[in-house]
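J.: Quick one: the structure is below, questions incoming.
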Amino acid sequence: MSGYPTELVQKASKAFEDRFKTKPDLAAFAPGRVNLIGEHTDYNDGFVFPMALPLVTVLVGRKTDTGICRIETLSFEKDSYSEFPVPTAEKPLQKGQPFWANYVKGVVANFKVSGTLSSFDAVIASSVPLGSGLSSSAALEVATFTFLEQVHPEVKISLKDKALACQKAEHDFADMPCGIMDQFISVMGQANHALLIDCRSMESKLVRASDPDVAILITNSNVKHELTGSEYPTRKKQCMEAAKILGKPSLRTASMEDLDGSKDKMDDVVYRRARHVIGEIQRTEDSVPALENKDYVSFGKLMTQSHDSLRDDYEVSCKELDVLVEAAMEVDDVYGSRMTGGGFGGCTVTLVKRKKVQQCMDHIKEKYTRVTKTDPWFLVVDAAFSGATGISL
């Protein structure tokens, strides 16, 4: 990873010494991500186009022989500590409370070793904002898996299988039927590149995403509506229903002509969900040559079309995200803007000429604060960061 998270490692190490009265000797860190385009396509076998961020989750710790895994997170003031026994075939791990620990348990449960998994003590610190749509959960999962690779250096696993194991952890222990994007980019991201991921073939392609004249601006709405727990699985079921009506294994293989030809066989909501996904898959494919050719006007139009579709057809935006996008698009030399992540709050991503970044932030802040009475949070991303890294301290 480009850029060692010194402050987070020091913060986590101090907390480790305070909690466990010894020093950690291992560390792992994994990035969050921003998805440039390709939203709610991953669980439809489509394409996604994320890049890794300089926001990371760090896990420091050391191997123990107690048979008990003890973990503290610095992300919460209450219920910040959890411990559980090393899983065995007779006594597998069970999800429970505190909920954040389920992400760690899920990774531990899916980390395969020959023999018995070692117990460990660990402290987690993160700069990825929770509930922001920047994939704090995958960063935690991948950091945990990378830490376990440090504990068990004899385990050799491909990057793809590592990402899939982390995805399974989220499915099984957090009950979130997520696609593969977040774990893939957290594992495989490289500096100065975005990563086009084919969620059907599990193949990926690095695309240069660094230009001194152009900036990627992430704006956090600082709101998170409590809808996503039920809305995400509902959207997935609606997409599966549409694919079944179309006689397709997934919406990846469906065209707009297929959809319009079967419009009278599905209700309006299912039709609009499918229209977003089919259109978004095509937009994502079209965005790659645009970025490769530095055709930022075309890339920006695709971003804005994506947001309109997420707002109107997929209905996962919200007032706050819409205001952020509207404000960004009112500034000259902004190419495009859209919500990023699952929706119902979180962040937007905006492509803007670097010389106009400050003007863009000032305008967004003025309008957003006036309309919503909430202050936004900004991050200017100069270049993508790399994927997960494990080190000895």
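Order determines the names: the first chain of the structure tokens is A, the second B, and so forth; residues in each chain are numbered 1 upward, and ligands are numbered 1 upward as they are shown.
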Could you give me, as a tab-separated table, every segment 303-338 of chain A residue with an atom at most 7 Å from segment 344-351 of chain A, plus its closest atom pair and distance in Å to one decimal, counting only C-alpha atoms, rows ordered by chain then number?
T.:
residue	atom	partner	partner_atom	distance
A:Val316	CA	A:Phe344	CA	5.5
A:Ser317	CA	A:Phe344	CA	5.2
A:Cys318	CA	A:Phe344	CA	5.4
A:Glu320	CA	A:Gly345	CA	7.0
A:Leu321	CA	A:Gly345	CA	6.4
A:Val334	CA	A:Leu351	CA	6.1
A:Tyr335	CA	A:Leu351	CA	5.5
A:Gly336	CA	A:Leu351	CA	5.4
A:Ser337	CA	A:Thr350	CA	4.2
A:Arg338	CA	A:Thr348	CA	5.4
J.: Report as a PyMOL selection string: the residues of segment 6-212 of chain A with a DSSP assignment of alpha helix (DSSP H), based on the backbone of this structure.
T.: chain A and resi 6-20+101-110+136-151+159-173+181-188
J.: Can you tell me which residues surround segment 66-75 of chain A at a distance of at most 6 Å, considering only C-alpha atoms, apart from same-chain residues fewer than 4 positions away, and format the answer as a list of chain:residue names?
T.: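 Once the adjacent positions are removed, what remains is A:Ser80, A:Tyr81, A:Ser82, A:Glu83, A:Phe84, A:Pro85, A:Val86, A:Ser119, A:Phe120, A:Asp121, A:Ala122, A:Val123, A:Ile124, A:Ala125.
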J.: What are the DSSP strand (DSSP E or B) residues of segment 220-382 of chain A, as a list in words?
T.: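 Taking segment 220-382 of chain A and keeping strand (DSSP E or B) only, one gets Asn220, Ser221, Asn222, Val223, Lys224, Val334, Tyr335, Gly336, Ser337, Arg338, Met339, Thr340, Gly345, Gly346, Cys347, Thr348, Val349, Thr350, Leu351, Val352, Lys353, Trp377, Phe378, Leu379, Val380 and Val381 of chain A.
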J.: From the list A:Thr146, A:Ser136, A:Ser127, A:Ser221, which residue is nearest Phe111 of chain A when using only C-alpha atoms?
T.: A:Thr146
J.: When distances are computed from only C-alpha atoms, which of A:Ala163, A:Val142, A:Leu148, A:Ala109 shows the smallest separation from Thr57 of chain A?
T.: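 Looking at the shortest contact to Thr57 of chain A, the residue is A:Val142.
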J.: Between atom CA of Val108 of chain A and atom CA of Phe145 of chain A, what is the distance in Å, rounded to a tenth?
T.: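 A separation of 7.5 Å between them.
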J.: Can you write out as JSON lines which residues of segment 322-392 of chain A fall within 12 Å of segment 8-29 of chain A, alongside each residue's closest atom pair and its distance in Å to one decimal, counting only C-alpha atoms and ordering rows by chain and ascending residue number?
T.:
{"residue": "A:Phe385", "atom": "CA", "partner": "A:Phe29", "partner_atom": "CA", "distance": 11.9}
{"residue": "A:Ser386", "atom": "CA", "partner": "A:Phe29", "partner_atom": "CA", "distance": 10.5}
{"residue": "A:Gly387", "atom": "CA", "partner": "A:Phe29", "partner_atom": "CA", "distance": 8.5}
{"residue": "A:Ala388", "atom": "CA", "partner": "A:Phe29", "partner_atom": "CA", "distance": 5.7}
{"residue": "A:Thr389", "atom": "CA", "partner": "A:Phe29", "partner_atom": "CA", "distance": 5.6}
{"residue": "A:Gly390", "atom": "CA", "partner": "A:Ala28", "partner_atom": "CA", "distance": 4.2}
{"residue": "A:Ile391", "atom": "CA", "partner": "A:Ala27", "partner_atom": "CA", "distance": 5.3}
{"residue": "A:Ser392", "atom": "CA", "partner": "A:Leu26", "partner_atom": "CA", "distance": 4.6}
J.: Hey, can you spit out that residue selection with C-alpha atoms as a PDB file, in the first residue's frame?
T.:
ATOM      1  CA  PHE A 385      -3.984   3.494  -3.051  1.00  0.00           C
ATOM      2  CA  SER A 386      -2.946  -0.130  -3.037  1.00  0.00           C
ATOM      3  CA  GLY A 387      -4.565  -3.147  -1.441  1.00  0.00           C
ATOM      4  CA  ALA A 388      -4.063  -4.919   1.858  1.00  0.00           C
ATOM      5  CA  THR A 389      -0.634  -5.226   3.470  1.00  0.00           C
ATOM      6  CA  GLY A 390       0.681  -7.170   6.441  1.00  0.00           C
ATOM      7  CA  ILE A 391       3.882  -6.275   8.335  1.00  0.00           C
ATOM      8  CA  SER A 392       5.896  -7.142  11.410  1.00  0.00           C
TER       9      SER A 392
END
J.: Please provide as a VMD selection string all residues within 9 Å of Gly38 of chain A, with the sequence filter that same-chain residues fewer than 5 positions apart are discarded (counting only C-alpha atoms).
T.: chain A and resid 46 to 50 277 280 to 285 306 340
J.: Using all heavy atoms, can you write the selected residues to a file as a short mmCIF file (atom, residue, chain, number, x, y, z; two decimals), in the first residue's frame?
T.:
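What ended up in result35.cif:
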data_model
loop_
_atom_site.label_atom_id
_atom_site.label_comp_id
_atom_site.auth_asym_id
_atom_site.auth_seq_id
_atom_site.Cartn_x
_atom_site.Cartn_y
_atom_site.Cartn_z
N GLY A 46 -22.51 -8.15 -13.03
CA GLY A 46 -22.10 -7.07 -13.91
C GLY A 46 -20.68 -6.60 -13.67
O GLY A 46 -19.84 -7.31 -13.11
N PHE A 47 -20.42 -5.36 -14.12
CA PHE A 47 -19.11 -4.74 -13.95
C PHE A 47 -19.19 -3.66 -12.87
O PHE A 47 -20.22 -2.98 -12.72
CB PHE A 47 -18.65 -4.08 -15.26
CG PHE A 47 -18.34 -5.06 -16.34
CD1 PHE A 47 -19.30 -5.38 -17.30
CD2 PHE A 47 -17.09 -5.66 -16.44
CE1 PHE A 47 -19.01 -6.27 -18.32
CE2 PHE A 47 -16.79 -6.55 -17.45
CZ PHE A 47 -17.76 -6.86 -18.40
N VAL A 48 -18.09 -3.49 -12.15
CA VAL A 48 -17.94 -2.39 -11.20
C VAL A 48 -16.56 -1.77 -11.43
O VAL A 48 -15.67 -2.42 -11.99
CB VAL A 48 -18.09 -2.86 -9.75
CG1 VAL A 48 -19.52 -3.28 -9.45
CG2 VAL A 48 -17.15 -4.02 -9.44
N PHE A 49 -16.40 -0.53 -10.98
CA PHE A 49 -15.16 0.19 -11.32
C PHE A 49 -14.69 1.01 -10.13
O PHE A 49 -14.71 2.24 -10.14
CB PHE A 49 -15.45 1.09 -12.52
CG PHE A 49 -14.24 1.50 -13.32
CD1 PHE A 49 -13.04 0.81 -13.24
CD2 PHE A 49 -14.31 2.60 -14.16
CE1 PHE A 49 -11.94 1.19 -13.98
CE2 PHE A 49 -13.22 3.00 -14.91
CZ PHE A 49 -12.02 2.29 -14.82
N PRO A 50 -14.22 0.34 -9.07
CA PRO A 50 -13.78 1.04 -7.86
C PRO A 50 -12.30 1.38 -7.87
O PRO A 50 -11.54 0.91 -8.72
CB PRO A 50 -14.08 0.02 -6.76
CG PRO A 50 -13.78 -1.29 -7.45
CD PRO A 50 -14.23 -1.12 -8.88
N VAL A 277 -30.10 -1.64 -13.62
CA VAL A 277 -28.96 -2.55 -13.63
C VAL A 277 -28.42 -2.75 -15.05
O VAL A 277 -27.21 -2.68 -15.28
CB VAL A 277 -29.35 -3.91 -13.00
CG1 VAL A 277 -28.23 -4.94 -13.20
CG2 VAL A 277 -29.63 -3.73 -11.51
N GLU A 280 -26.74 0.40 -16.11
CA GLU A 280 -25.53 0.68 -15.33
C GLU A 280 -24.37 -0.22 -15.76
O GLU A 280 -23.22 0.21 -15.78
CB GLU A 280 -25.83 0.49 -13.84
CG GLU A 280 -24.70 0.91 -12.92
CD GLU A 280 -24.59 2.41 -12.69
OE1 GLU A 280 -25.24 3.18 -13.43
OE2 GLU A 280 -23.86 2.81 -11.77
N ILE A 281 -24.68 -1.45 -16.10
CA ILE A 281 -23.63 -2.34 -16.60
C ILE A 281 -23.04 -1.76 -17.89
O ILE A 281 -21.80 -1.73 -18.06
CB ILE A 281 -24.18 -3.76 -16.83
CG1 ILE A 281 -24.50 -4.43 -15.47
CG2 ILE A 281 -23.19 -4.62 -17.60
CD1 ILE A 281 -25.23 -5.75 -15.58
N GLN A 282 -23.90 -1.28 -18.78
CA GLN A 282 -23.40 -0.69 -20.03
C GLN A 282 -22.62 0.59 -19.76
O GLN A 282 -21.57 0.83 -20.37
CB GLN A 282 -24.57 -0.40 -20.97
CG GLN A 282 -24.13 0.08 -22.35
CD GLN A 282 -23.28 -0.96 -23.08
OE1 GLN A 282 -23.72 -2.10 -23.26
NE2 GLN A 282 -22.07 -0.59 -23.47
N ARG A 283 -23.12 1.43 -18.84
CA ARG A 283 -22.40 2.67 -18.51
C ARG A 283 -21.01 2.36 -17.97
O ARG A 283 -20.04 3.07 -18.28
CB ARG A 283 -23.20 3.48 -17.49
CG ARG A 283 -24.39 4.22 -18.08
CD ARG A 283 -25.03 5.15 -17.06
NE ARG A 283 -25.74 4.43 -16.00
CZ ARG A 283 -27.03 4.07 -16.07
NH1 ARG A 283 -27.74 4.36 -17.15
NH2 ARG A 283 -27.60 3.45 -15.07
N THR A 284 -20.91 1.33 -17.16
CA THR A 284 -19.62 0.99 -16.57
C THR A 284 -18.64 0.53 -17.64
O THR A 284 -17.47 0.92 -17.65
CB THR A 284 -19.79 -0.10 -15.49
OG1 THR A 284 -20.78 0.33 -14.54
CG2 THR A 284 -18.49 -0.36 -14.76
N GLU A 285 -19.12 -0.30 -18.56
CA GLU A 285 -18.27 -0.72 -19.68
C GLU A 285 -17.82 0.49 -20.50
O GLU A 285 -16.65 0.59 -20.89
CB GLU A 285 -19.02 -1.71 -20.57
CG GLU A 285 -19.21 -3.09 -19.96
CD GLU A 285 -19.76 -4.07 -20.96
OE1 GLU A 285 -18.94 -4.73 -21.65
OE2 GLU A 285 -20.99 -4.18 -21.08
N SER A 306 -25.69 7.76 -14.14
CA SER A 306 -25.74 6.72 -13.11
C SER A 306 -26.52 7.21 -11.89
O SER A 306 -27.38 6.50 -11.36
CB SER A 306 -24.32 6.32 -12.71
OG SER A 306 -24.33 5.48 -11.58
N THR A 340 -22.30 7.20 -4.33
CA THR A 340 -21.48 6.00 -4.41
C THR A 340 -21.76 5.14 -3.19
O THR A 340 -22.04 5.64 -2.12
CB THR A 340 -19.98 6.36 -4.50
OG1 THR A 340 -19.21 5.17 -4.70
CG2 THR A 340 -19.49 7.08 -3.26
#
J.: What's the 9 Å shell around Ser298 of chain A, counting only C-alpha atoms, without same-chain residues fewer than 2 positions away, as a PyMOL selection string?
T.: chain A and resi 286-287+290-291+295-296+300-303+335-336
J.: Find, counting only C-alpha atoms, the residue in A:Ala194, A:Ala328, A:Val270, A:Ile157 that gets nearest to Ala209 of chain A.
T.: A:Ala194
J.: Calculated over only C-alpha atoms, which of the candidates A:His152, A:Lys355, A:His307, A:Lys367 has the smallest distance to Ile37 of chain A?
T.: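 That would be A:His307, the residue with the smallest distance to Ile37 of chain A.
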J.: Do a neighbour search on segment 244-254 of chain A at 8 Å with only C-alpha atoms, toss out local chain neighbours closer than 2 positions, and write the hits as an MDAnalysis selection string.
T.: chainID A and resid 44:46 239:242 256 258:259 262 265:266 274 277:278 281
J.: Which residue is closest to Phe173 of chain A? Choose from A:Gln94, A:Ser126, A:Ser137, A:Thr116 and count only C-alpha atoms.
T.: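 Among the listed residues, the smallest separation from Phe173 of chain A belongs to A:Gln94.
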